[in-house]
>>> print(open('work_35.txt').read())   # compact mmCIF, C-alpha atoms
# COMPACT_ATOMS: atom_id res chain seq x y z
CA MET A 2 20.22 22.73 -11.79
CA THR A 3 22.53 20.23 -13.52
CA ASP A 4 22.78 16.54 -12.76
CA ILE A 5 26.53 16.98 -12.17
CA GLN A 6 25.93 19.59 -9.45
CA ILE A 7 23.38 17.34 -7.78
CA ALA A 8 25.84 14.44 -7.95
CA LYS A 9 28.51 16.57 -6.28
CA ASP A 10 26.03 17.58 -3.59
CA LEU A 11 24.97 14.02 -2.84
CA LEU A 12 28.55 12.78 -2.67
CA LYS A 13 29.73 15.68 -0.52
CA ILE A 14 27.25 14.95 2.25
CA GLY A 15 27.38 11.17 1.95
CA ALA A 16 23.79 10.86 0.77
CA VAL A 17 25.15 8.55 -1.94
CA PHE A 18 28.09 6.58 -0.62
CA PHE A 19 30.07 4.06 -2.68
CA ARG A 20 31.86 1.08 -1.16
CA PRO A 21 32.64 -1.31 -4.04
CA ASP A 22 35.21 -3.34 -2.10
CA GLU A 23 32.98 -3.85 0.95
CA PRO A 24 29.41 -4.15 -0.38
CA PHE A 25 26.37 -3.31 1.67
CA VAL A 26 23.66 -5.98 1.93
CA TRP A 27 20.09 -5.00 1.10
CA ALA A 28 17.11 -6.49 2.91
CA SER A 29 16.56 -8.66 -0.18
CA GLY A 30 20.01 -10.16 0.30
CA ILE A 31 21.46 -8.43 -2.77
CA LYS A 32 24.98 -7.11 -2.27
CA SER A 33 25.29 -3.49 -3.29
CA PRO A 34 28.32 -1.20 -3.75
CA VAL A 35 26.22 1.86 -2.95
CA TYR A 36 24.28 3.19 0.01
CA CYS A 37 21.70 5.95 -0.52
CA ASP A 38 20.21 8.13 2.19
CA ASN A 39 18.70 11.22 0.60
CA ARG A 40 17.15 12.19 3.93
CA LEU A 41 20.53 13.72 4.68
CA THR A 42 19.80 16.44 2.12
CA LEU A 43 17.23 17.88 4.51
CA SER A 44 19.92 18.53 7.12
CA CYS A 45 22.18 20.52 4.77
CA PRO A 46 20.58 23.85 3.80
CA GLU A 47 22.79 24.53 0.77
CA VAL A 48 22.24 21.06 -0.69
CA ARG A 49 18.57 21.15 0.29
CA THR A 50 18.17 24.36 -1.68
CA ASP A 51 19.73 22.77 -4.77
CA ILE A 52 17.50 19.70 -4.43
CA GLU A 53 14.21 21.52 -3.88
CA THR A 54 14.95 24.12 -6.56
CA GLY A 55 15.82 21.31 -8.95
CA LEU A 56 12.65 19.36 -8.20
CA ALA A 57 10.56 22.50 -8.65
CA GLU A 58 12.25 23.04 -12.02
CA LEU A 59 11.40 19.46 -13.06
CA VAL A 60 7.75 19.95 -12.16
CA GLY A 61 7.61 23.28 -13.98
CA THR A 62 9.32 21.89 -17.08
CA TYR A 63 7.59 18.53 -17.46
CA TYR A 64 4.29 19.02 -15.64
CA PRO A 65 3.35 22.71 -15.87
CA GLU A 66 -0.33 21.75 -15.60
CA ALA A 67 0.17 20.14 -12.17
CA GLU A 68 -2.50 21.04 -9.62
CA SER A 69 -1.07 19.20 -6.61
CA LEU A 70 1.93 17.26 -5.35
CA MET A 71 1.87 13.96 -3.45
CA GLY A 72 4.89 12.76 -1.50
CA THR A 73 5.78 9.14 -0.93
CA SER A 74 5.86 8.00 2.68
CA THR A 75 8.07 8.79 4.36
CA ALA A 76 11.06 10.00 2.37
CA GLY A 77 9.15 12.08 -0.16
CA ILE A 78 6.96 13.97 2.28
CA ALA A 79 9.33 16.79 3.21
CA HIS A 80 10.43 17.30 -0.39
CA ALA A 81 6.83 17.47 -1.59
CA ALA A 82 6.06 20.04 1.11
CA ILE A 83 9.01 22.28 0.25
CA VAL A 84 8.49 22.05 -3.51
CA GLY A 85 4.76 22.66 -3.02
CA HIS A 86 5.66 25.83 -1.12
CA LEU A 87 8.03 26.99 -3.87
CA LEU A 88 5.41 26.40 -6.56
CA ASN A 89 2.42 27.50 -4.47
CA LEU A 90 0.78 24.12 -5.00
CA PRO A 91 -1.27 21.99 -2.58
CA MET A 92 0.51 18.89 -1.29
CA GLY A 93 -0.24 15.73 0.58
CA TYR A 94 1.24 12.30 0.95
CA VAL A 95 0.37 8.64 0.60
CA ARG A 96 0.86 6.26 3.50
CA SER A 97 2.24 2.76 2.98
CA GLY A 98 -1.12 1.50 4.27
CA ALA A 99 -4.38 2.90 5.55
CA LYS A 100 -4.50 4.02 9.18
CA ASP A 101 -6.24 1.65 11.58
CA HIS A 102 -7.90 4.51 13.46
CA GLY A 103 -9.68 7.81 12.90
CA ARG A 104 -10.81 8.21 9.31
CA ARG A 105 -8.56 5.32 8.23
CA ASN A 106 -6.92 7.48 5.56
CA GLN A 107 -4.17 6.24 3.30
CA ILE A 108 -3.98 9.55 1.45
CA GLU A 109 -3.31 12.53 3.70
CA GLY A 110 -4.27 15.95 2.41
CA ARG A 111 -7.09 17.05 0.13
CA LEU A 112 -7.20 15.38 -3.28
CA GLU A 113 -10.10 15.81 -5.67
CA PRO A 114 -11.06 13.26 -8.36
CA GLY A 115 -9.46 14.23 -11.65
CA GLN A 116 -6.91 16.49 -10.01
CA LYS A 117 -3.65 16.61 -11.96
CA THR A 118 -1.05 15.30 -9.56
CA VAL A 119 2.72 14.78 -9.54
CA VAL A 120 4.33 12.26 -7.17
CA VAL A 121 7.50 13.37 -5.38
CA GLU A 122 9.94 10.57 -4.52
CA ASP A 123 13.48 10.59 -3.17
CA LEU A 124 14.89 7.42 -4.74
CA ILE A 125 13.87 4.96 -7.44
CA SER A 126 15.46 1.53 -7.75
CA THR A 127 13.10 -1.23 -8.90
CA GLY A 128 10.11 1.14 -8.94
CA GLY A 129 7.90 -0.92 -6.64
CA SER A 130 7.35 1.66 -3.92
CA VAL A 131 6.51 4.58 -6.17
CA LEU A 132 4.16 2.45 -8.28
CA GLU A 133 2.23 1.51 -5.15
CA VAL A 134 1.71 5.22 -4.50
CA VAL A 135 0.65 5.87 -8.09
CA ASN A 136 -1.84 3.00 -7.94
CA VAL A 137 -3.40 4.32 -4.71
CA LEU A 138 -3.80 7.76 -6.28
CA ARG A 139 -5.27 6.37 -9.49
CA GLU A 140 -7.76 4.27 -7.53
CA VAL A 141 -9.30 7.41 -6.02
CA GLY A 142 -9.48 9.10 -9.41
CA ALA A 143 -6.39 11.31 -9.44
CA ASP A 144 -4.84 12.12 -12.81
CA VAL A 145 -1.22 11.18 -12.08
CA LEU A 146 0.91 13.12 -14.55
CA GLY A 147 4.18 11.49 -13.51
CA VAL A 148 6.94 11.36 -10.93
CA VAL A 149 9.85 13.62 -10.00
CA SER A 150 12.66 12.21 -7.89
CA ILE A 151 16.10 13.07 -6.57
CA PHE A 152 17.97 9.97 -7.69
CA THR A 153 17.40 6.91 -9.84
CA TYR A 154 19.52 3.81 -10.23
CA GLY A 155 18.34 3.37 -13.81
CA MET A 156 17.88 -0.35 -13.21
CA ARG A 157 16.28 -2.26 -16.05
CA LYS A 158 13.59 -3.69 -13.79
CA GLY A 159 12.58 -0.24 -12.59
CA ILE A 160 12.50 1.23 -16.09
CA GLU A 161 10.40 -1.66 -17.40
CA ARG A 162 7.94 -1.58 -14.51
CA LEU A 163 7.35 2.15 -14.83
CA ALA A 164 6.88 1.84 -18.59
CA ALA A 165 4.42 -1.04 -18.18
CA ALA A 166 2.37 1.07 -15.75
CA ASN A 167 2.54 4.08 -18.10
CA VAL A 168 4.34 6.15 -15.46
CA GLU A 169 6.88 8.79 -16.45
CA ASN A 170 9.74 9.67 -14.10
CA HIS A 171 12.20 12.55 -14.20
CA SER A 172 15.13 12.46 -11.77
CA LEU A 173 17.61 15.15 -10.83
CA CYS A 174 20.48 12.67 -11.05
CA CYS A 175 21.17 9.07 -11.99
CA PHE A 176 23.50 6.32 -10.84
CA ASP A 177 25.72 6.60 -13.92
CA VAL A 178 26.42 10.30 -13.40
CA VAL A 179 27.08 9.95 -9.67
CA ALA A 180 29.50 7.05 -10.32
CA LYS A 181 31.47 9.04 -12.90
CA VAL A 182 31.61 12.16 -10.70
CA ALA A 183 32.69 10.00 -7.75
CA ALA A 184 35.63 8.71 -9.80
CA GLN A 185 36.56 12.21 -10.99
CA GLN A 186 36.57 13.56 -7.44
CA GLY A 187 38.48 10.66 -5.90
CA TYR A 188 35.72 8.99 -3.92
CA ILE A 189 36.36 5.78 -5.86
CA ARG A 190 38.99 4.57 -8.34
CA PRO A 191 38.33 5.23 -12.05
CA GLU A 192 38.43 1.47 -12.69
CA ASP A 193 35.57 1.01 -10.22
CA VAL A 194 33.07 2.77 -12.50
CA GLN A 195 32.59 -0.25 -14.77
CA ARG A 196 32.10 -2.47 -11.71
CA LEU A 197 29.39 -0.13 -10.47
CA LEU A 198 27.66 -0.06 -13.83
CA ALA A 199 27.79 -3.86 -13.94
CA PHE A 200 25.90 -3.89 -10.64
CA ARG A 201 23.38 -1.40 -12.05
CA ASP A 202 22.82 -3.62 -15.11
CA ASP A 203 22.22 -6.80 -13.08
CA PRO A 204 22.10 -6.44 -9.27
CA ALA A 205 21.75 -10.21 -8.82
CA ASP A 206 25.06 -10.90 -10.62
CA GLU A 207 27.88 -10.56 -8.10
CA SER A 208 30.73 -10.89 -10.60
CA TRP A 209 31.63 -7.21 -10.09
CA ILE A 210 32.68 -7.90 -6.48
CA GLY A 211 36.41 -8.04 -5.88
CA GLY A 212 37.23 -6.28 -9.10
CA ARG A 213 35.77 -9.00 -11.34
CA THR A 214 33.68 -7.77 -14.25
>>> encode(input="work_35.txt", output="C-alpha cells")
Amino acid sequence: MTDIQIAKDLLKIGAVFFRPDEPFVWASGIKSPVYCDNRLTLSCPEVRTDIETGLAELVGTYYPEAESLMGTSTAGIAHAAIVGHLLNLPMGYVRSGAKDHGRRNQIEGRLEPGQKTVVVEDLISTGGSVLEVVNVLREVGADVLGVVSIFTYGMRKGIERLAAANVENHSLCCFDVVAKVAAQQGYIRPEDVQRLLAFRDDPADESWIGGRT
C-alpha cells in the first residue's frame, strides 16, 4: 500500500481536512490549517481495508518478530484489533489511566513480561500520547519493538521525543505527502503547500496564516 493511495483515501473521506485560510484552533491554542479524524476510516469499508492492510504490512515488514499488538486508547483500539486479526496476533490496549474499579487495570488484554509488542496508533503529532503508552508497557516488562500509525505530522518535536525515548515509528502516510496530493487533486491551491509545510516546521509560528510565509 503506497503513501499516495493512503493520502487519497484520507482526503476523499475527510479524515484529513485542510483549511489554510480558516485555521482550526487546537486545545493548546495553536492555530492549525489541518483537522485529522482517522476514526472516519472505520466507517468506510474500502478505505478501512487499505488502512488495515497497510498497517499489517508495516508490522510484517518492520517487526516480523512481533508477538502482540497494543492499541492506544481510544483511537488505536479498533485498528489494533483488526490488524491483530489479519496477522493472527494477540491484541490489547492501554488506557489513558488505570481504572478506579475492578482490577484497576491500565493495560487491557493479556501481556506477558518480555513479550515483543508493537503499538498501534492512529495519529502522531508531538508524540506525547504514544510515548505514554510505550512507557506504561515498558514499566510492566514488555519489549516494545516500535510503533505503527496511520498518519504522522512529521513535527520536529515529535521526531525528537521519539528518538530520545528510543522509539521507532512507521506511518502509512505523512503530512507532506497528504499536502502535496491535496494540491494535486484540487482540495487546496498549489501555493498553499508551502504554507502548510511552514506550519509543520513550527506550529507556534503563525506567519503562514493569510498567505504569509
>>> residues_around(input="work_35.txt", residues="range 82-99 of chain A", least_positions_apart="2", cutoff="9 Å", atoms="all atoms listed in the file", output="ChimeraX atom specification")
/A:53-54,56-57,60-61,67-75,77-80,101-102,105-112,120-121,130,133-134,137-138
>>> atom_distance(input="work_35.txt", atom1="CA of Gly155 in chain A", atom2="CA of Pro204 in chain A")
11.4 Å
>>> closest_residue(input="work_35.txt", among="A:Cys174, A:Leu163, A:Ala76, A:Leu132", to="Asp10 in chain A", atoms="all atoms listed in the file")
A:Cys174
>>> atom_distance(input="work_35.txt", atom1="CA of Leu198 in chain A", atom2="CA of Arg20 in chain A")
13.4 Å
>>> atom_distance(input="work_35.txt", atom1="CA of Gly115 in chain A", atom2="CA of Lys158 in chain A")
29.3 Å
>>> residues_around(input="work_35.txt", residues="Glu47 in chain A", least_positions_apart="3", cutoff="12 Å", atoms="only C-alpha atoms", output="CSV table (one decimal) with C-alpha atoms, in the frame of the given file")
chain,number,residue,atom,x,y,z
A,6,GLN,CA,25.9,19.6,-9.4
A,7,ILE,CA,23.4,17.3,-7.8
A,10,ASP,CA,26.0,17.6,-3.6
A,11,LEU,CA,25.0,14.0,-2.8
A,13,LYS,CA,29.7,15.7,-0.5
A,14,ILE,CA,27.2,15.0,2.2
A,41,LEU,CA,20.5,13.7,4.7
A,42,THR,CA,19.8,16.4,2.1
A,43,LEU,CA,17.2,17.9,4.5
A,44,SER,CA,19.9,18.5,7.1
A,50,THR,CA,18.2,24.4,-1.7
A,51,ASP,CA,19.7,22.8,-4.8
A,52,ILE,CA,17.5,19.7,-4.4
A,53,GLU,CA,14.2,21.5,-3.9
A,54,THR,CA,15.0,24.1,-6.6
>>> closest_residue(input="work_35.txt", among="A:Ala205, A:Ile189, A:Ile125, A:Val178", to="Ile160 in chain A", atoms="only C-alpha atoms")
A:Ile125
>>> closest_residue(input="work_35.txt", among="A:Ala81, A:Leu173, A:Val182, A:Ala16", to="Leu59 in chain A", atoms="only C-alpha atoms")
A:Leu173
>>> residues_around(input="work_35.txt", residues="Leu197 in chain A", least_positions_apart="5", cutoff="8 Å", atoms="only C-alpha atoms", output="list in words")
Pro21, Pro34, Ala180 and Trp209 of chain A
>>> closest_residue(input="work_35.txt", among="A:Gln195, A:Asp123, A:Glu66, A:Arg201", to="Asp144 in chain A", atoms="all atoms listed in the file")
A:Glu66
>>> residues_around(input="work_35.txt", residues="Val168 in chain A", least_positions_apart="6", cutoff="8 Å", atoms="all atoms listed in the file", output="VMD selection string")
chain A and resid 146 to 148
